[in-house]
Amino acid sequence: MNDFLEQGPKNPIKIQDNTFRDGHQSLLATRMRTEDMIPIAEQMDSVGFWAMEVWGGATFDTMHRFLGEDPFDRIRILKKYIKNTPFSMLLRGQNLVGYRNYADDVARLFVDKTSEAGMDIFRVFDALNDFRNFQTVVERIRANGKHFQGTICYSLTERRMGGDVFNLEYYLNKARELQDMGADTLCLKDMAGIMAPFDIAKLITELKKVITMPIHLHTHYTSGMASMIYLEAIKAGVDIIDTCLAPFALRTSQPAVEPIVATLNGTVRDSELNLNLLLELGDYIESVAPKYRDHLASHKMSVIDTGVLAHQVPGGMISNLVSQLRDAKALDRLPEVYKEVAVTRKELGMPPLVTPTSQIVGVQSVLNVLFGRYKMVTNEVKDLVYGLYGKTPIPVDEEVRKKILKNYKRGQTPITGRAADYLEPELEAARRKVGDLAKDDFDLLIYAIYPTTGEQFLKWKHGIEERPPDVMAKSLEDVKKEDEALEEARKQI
Ligand code: CO
């Protein structure tokens, strides 16, 4: 077994770099500015990554809201420097780059304009793995001649893959569905980093028997298992993996690229990337990273979250539960909430825990513990139970459904069709409301997806209002001064 990767035909692992998207989204609240990407953009292009993830997820939100940057400009600017490596983005299905389902007309225009700006690969996912929520965007991705990466959110109900819901058959069936939809590649998205290394090996081996498209693996370091996950996946024949340059890797981000390149060196799965070039690029990231250090969570010694190994609740969700309980002065009830999450999640149809379902299940679990089960129900839970997010992996508990939809404004019988079929077109109303403030369809989309903060951004962009200084924006000068002051203070002790 030891010579597993030492012999046989060459099959270089392909690597997608996520430094400019998931890296700083996971570690630094998505605050990296375009100006800090430009100095290494050309060199990044020369590495030979399969793709670079540079957009989507939370970037659209934070750029216009906090950075005063036009999200579409980032694609255009980076494209000037990165001419060979395809760009990838994370697209939340019918939620696009927001937190709710948008109408089909918004979804169509979004994919068209994003393609026009220079996006190449669309990684599309849905929080419920209900692929009907892919329909509209996929139609436009294909029409624009772009790459459709179909994604399955990886979820568990127990420590290992299996049980009644998220078992091997579940994933094989979802992969077949995506292949039938014409996906160019399959992405397994392990957003919480809970995949067990030997499970992914088995899953990839079995997937390779039923699908022909390349398999792309995305995981997070959160639980500490990610390097083992990748190594097992690579041995099992995974085609593409996601990594970040070391300074923006590990913790809740992706594994670092450098140790993987070094590990595979000389094997049949050698990435053939230039390690010295990667080290230089990492040095650059290290040199600008201090500008963003105030956003880095540094309250714990441990850089991994071992709790997730025990209860499968993703780290981001835990911090929300904690802050909700702290606000209610009931932090001592956290253990009860952990138990409640498992029960509530099952009753609500066992959704994978990812944006936005992780928040929906989390908030309701806390309410159930504090005020009695389903005595208070959020609107999002009502919408979920009614079917407005799509079909849950298992049916919602009948008693719970009756209780939740008792006085629901839309009715007591859930919808069973594609969620967006129940939404009225939104674009014309948005066009009317935003008026002259939107100079083109790109502006219109910023407003249609984020009406309040989008309008504010457009006022800044077109010089109608002056943008207030960003209190969290630091220069390297500021950082140097801070460090010198700290050094002085140390000398006094
Ligand atoms: Co991710």
# chains A, B, ... in the order shown; residues from 1 in each chain; ligands from 1
>>> residues_near_ligand(ligand="ligand 1", cutoff="7 Å", atoms="only C-alpha atoms and all ligand atoms", output="mmCIF file with N, CA and C atoms, in the first residue's frame")
data_model
loop_
_atom_site.group_PDB
_atom_site.id
_atom_site.type_symbol
_atom_site.label_atom_id
_atom_site.label_comp_id
_atom_site.auth_asym_id
_atom_site.auth_seq_id
_atom_site.Cartn_x
_atom_site.Cartn_y
_atom_site.Cartn_z
ATOM 1 N N ASP A 22 -12.554 32.510 -0.803
ATOM 2 C CA ASP A 22 -12.893 31.817 0.438
ATOM 3 C C ASP A 22 -11.845 32.049 1.523
ATOM 4 N N MET A 191 -18.624 22.372 3.725
ATOM 5 C CA MET A 191 -18.473 23.726 4.265
ATOM 6 C C MET A 191 -18.077 23.734 5.729
ATOM 7 N N HIS A 218 -14.074 20.447 -2.114
ATOM 8 C CA HIS A 218 -13.940 21.698 -1.353
ATOM 9 C C HIS A 218 -14.155 21.380 0.119
ATOM 10 N N THR A 219 -13.193 21.708 0.956
ATOM 11 C CA THR A 219 -13.400 21.482 2.385
ATOM 12 C C THR A 219 -12.791 22.638 3.180
ATOM 13 N N HIS A 220 -13.042 22.636 4.466
ATOM 14 C CA HIS A 220 -12.492 23.657 5.358
ATOM 15 C C HIS A 220 -11.711 22.989 6.469
#
>>> residues_around(residues="Ser319 (chain A)", least_positions_apart="3", cutoff="12 Å", atoms="only C-alpha atoms", output="list in words")
Ala297, Asp305, Val313, Pro314, Gly315, Gly316, Val322, Ser323, Gln324, Leu325, Arg326, Leu331, Leu334, Ser358, Gln359, Gly362 and Val363 of chain A
>>> write_last_selection(atoms="N, CA, C and O atoms", output="tab-separated table (two decimals), in the first residue's frame")
chain	number	residue	atom	x	y	z
A	297	ALA	N	-10.25	36.16	14.04
A	297	ALA	CA	-10.67	35.69	15.37
A	297	ALA	C	-9.43	35.19	16.11
A	297	ALA	O	-8.73	34.31	15.62
A	305	ASP	N	-11.48	23.75	15.59
A	305	ASP	CA	-12.66	23.69	16.44
A	305	ASP	C	-13.02	22.22	16.65
A	305	ASP	O	-13.72	21.62	15.84
A	313	VAL	N	-22.04	20.63	14.49
A	313	VAL	CA	-22.56	21.98	14.30
A	313	VAL	C	-21.41	22.86	13.81
A	313	VAL	O	-20.41	22.99	14.49
A	314	PRO	N	-21.55	23.46	12.59
A	314	PRO	CA	-20.43	24.23	12.05
A	314	PRO	C	-20.07	25.44	12.91
A	314	PRO	O	-20.93	26.03	13.57
A	315	GLY	N	-18.79	25.78	12.90
A	315	GLY	CA	-18.26	26.85	13.75
A	315	GLY	C	-19.01	28.17	13.66
A	315	GLY	O	-19.33	28.78	14.67
A	316	GLY	N	-19.30	28.60	12.43
A	316	GLY	CA	-19.99	29.87	12.23
A	316	GLY	C	-21.35	29.88	12.91
A	316	GLY	O	-21.81	30.88	13.44
A	322	VAL	N	-24.15	31.30	20.32
A	322	VAL	CA	-23.58	31.89	21.53
A	322	VAL	C	-24.01	33.34	21.66
A	322	VAL	O	-24.44	33.78	22.74
A	323	SER	N	-23.95	34.11	20.56
A	323	SER	CA	-24.28	35.52	20.70
A	323	SER	C	-25.78	35.71	20.95
A	323	SER	O	-26.19	36.60	21.70
A	324	GLN	N	-26.60	34.83	20.36
A	324	GLN	CA	-28.05	34.91	20.61
A	324	GLN	C	-28.36	34.60	22.07
A	324	GLN	O	-29.16	35.29	22.71
A	325	LEU	N	-27.70	33.58	22.62
A	325	LEU	CA	-27.93	33.21	24.02
A	325	LEU	C	-27.38	34.28	24.96
A	325	LEU	O	-27.97	34.59	25.99
A	326	ARG	N	-26.24	34.87	24.58
A	326	ARG	CA	-25.65	35.90	25.42
A	326	ARG	C	-26.59	37.11	25.51
A	326	ARG	O	-26.82	37.65	26.58
A	331	LEU	N	-26.56	32.09	28.45
A	331	LEU	CA	-25.44	31.36	27.87
A	331	LEU	C	-25.27	29.97	28.49
A	331	LEU	O	-24.78	29.04	27.84
A	334	LEU	N	-26.44	26.64	26.62
A	334	LEU	CA	-25.83	26.19	25.35
A	334	LEU	C	-25.89	24.67	25.15
A	334	LEU	O	-26.24	24.20	24.07
A	358	SER	N	-28.40	27.12	8.10
A	358	SER	CA	-27.75	27.02	9.41
A	358	SER	C	-28.31	28.09	10.37
A	358	SER	O	-28.60	27.81	11.53
A	359	GLN	N	-28.51	29.32	9.83
A	359	GLN	CA	-29.07	30.38	10.67
A	359	GLN	C	-30.52	30.09	11.02
A	359	GLN	O	-30.95	30.30	12.16
A	362	GLY	N	-30.64	27.34	13.57
A	362	GLY	CA	-29.99	27.80	14.80
A	362	GLY	C	-30.88	28.73	15.61
A	362	GLY	O	-31.10	28.51	16.81
A	363	VAL	N	-31.43	29.74	14.94
A	363	VAL	CA	-32.27	30.72	15.64
A	363	VAL	C	-33.50	30.03	16.24
A	363	VAL	O	-33.86	30.25	17.40
>>> residues_around(residues="region 389-393 of chain A", least_positions_apart="3", cutoff="12 Å", atoms="only C-alpha atoms", output="number ranges by chain")
A: 92-95, 99-102, 126-134, 153, 155-157, 164-167, 170-171, 174, 345-353, 355-357, 360, 380-386, 396-397, 414-423
>>> residues_around(residues="Cys244 (chain A)", least_positions_apart="2", cutoff="12 Å", atoms="only C-alpha atoms", output="ChimeraX atom specification")
/A:15-27,44,49,51-54,218-221,241-242,246-261,278-279,281-282,285
>>> residues_around(residues="Lys339 (chain A)", least_positions_apart="2", cutoff="12 Å", atoms="only C-alpha atoms", output="list in words")
Ala310, His311, Gln312, Val313, Arg333, Leu334, Pro335, Glu336, Val337, Val341, Ala342, Val343, Thr344, Arg345, Lys346, Gly362, Ser365, Val366, Asn368 and Val369 of chain A
>>> residues_around(residues="Thr453 (chain A)", least_positions_apart="5", cutoff="10 Å", atoms="only C-alpha atoms", output="list in words")
Asp61, His64, Arg65, Phe66, Ile446, Tyr447, Leu458 and Lys459 of chain A
>>> residues_around(residues="Ala201 (chain A)", least_positions_apart="3", cutoff="8 Å", atoms="only C-alpha atoms", output="mmCIF file with N, CA and C atoms, in the first residue's frame")
data_model
loop_
_atom_site.group_PDB
_atom_site.id
_atom_site.type_symbol
_atom_site.label_atom_id
_atom_site.label_comp_id
_atom_site.auth_asym_id
_atom_site.auth_seq_id
_atom_site.Cartn_x
_atom_site.Cartn_y
_atom_site.Cartn_z
ATOM 1 N N PRO A 197 -12.119 11.396 6.638
ATOM 2 C CA PRO A 197 -11.193 11.074 5.546
ATOM 3 C C PRO A 197 -11.487 9.744 4.835
ATOM 4 N N PHE A 198 -11.830 8.700 5.583
ATOM 5 C CA PHE A 198 -12.076 7.416 4.914
ATOM 6 C C PHE A 198 -13.432 7.384 4.211
ATOM 7 N N ILE A 204 -15.576 8.871 -3.244
ATOM 8 C CA ILE A 204 -14.974 9.145 -4.559
ATOM 9 C C ILE A 204 -14.850 7.867 -5.375
ATOM 10 N N THR A 205 -14.436 6.799 -4.722
ATOM 11 C CA THR A 205 -14.337 5.514 -5.419
ATOM 12 C C THR A 205 -15.686 5.128 -6.022
ATOM 13 N N GLU A 232 -6.570 11.391 1.430
ATOM 14 C CA GLU A 232 -7.375 10.201 1.115
ATOM 15 C C GLU A 232 -8.108 10.384 -0.219
ATOM 16 N N ALA A 233 -8.618 11.602 -0.438
ATOM 17 C CA ALA A 233 -9.344 11.871 -1.687
ATOM 18 C C ALA A 233 -8.408 11.752 -2.885
ATOM 19 N N LYS A 235 -5.666 9.958 -3.079
ATOM 20 C CA LYS A 235 -5.371 8.537 -3.295
ATOM 21 C C LYS A 235 -6.533 7.841 -3.996
ATOM 22 N N ALA A 236 -7.763 8.297 -3.692
ATOM 23 C CA ALA A 236 -8.950 7.664 -4.295
ATOM 24 C C ALA A 236 -9.229 8.191 -5.705
#
>>> select_by_dssp(residues="region 296-470 of chain A", states="alpha helix (DSSP H)", output="ChimeraX atom specification")
/A:307-311,315-327,334-347,357-371,379-386,398-404,427-434,441-449,451-461
>>> closest_residue(among="A:Leu309, A:Ala103, A:Ile240, A:Met63", to="Leu427 (chain A)", atoms="only C-alpha atoms")
A:Ala103
>>> closest_residue(among="A:Ile304, A:Ala175, A:Leu67, A:Ala473", to="Lys291 (chain A)", atoms="only C-alpha atoms")
A:Ala473
>>> closest_residue(among="A:Ala196, A:Val238, A:Met301, A:Leu370", to="His216 (chain A)", atoms="only C-alpha atoms")
A:Val238
>>> closest_residue(among="A:Glu280, A:Asp199, A:Glu488, A:Glu455", to="Asp436 (chain A)", atoms="only C-alpha atoms")
A:Glu455
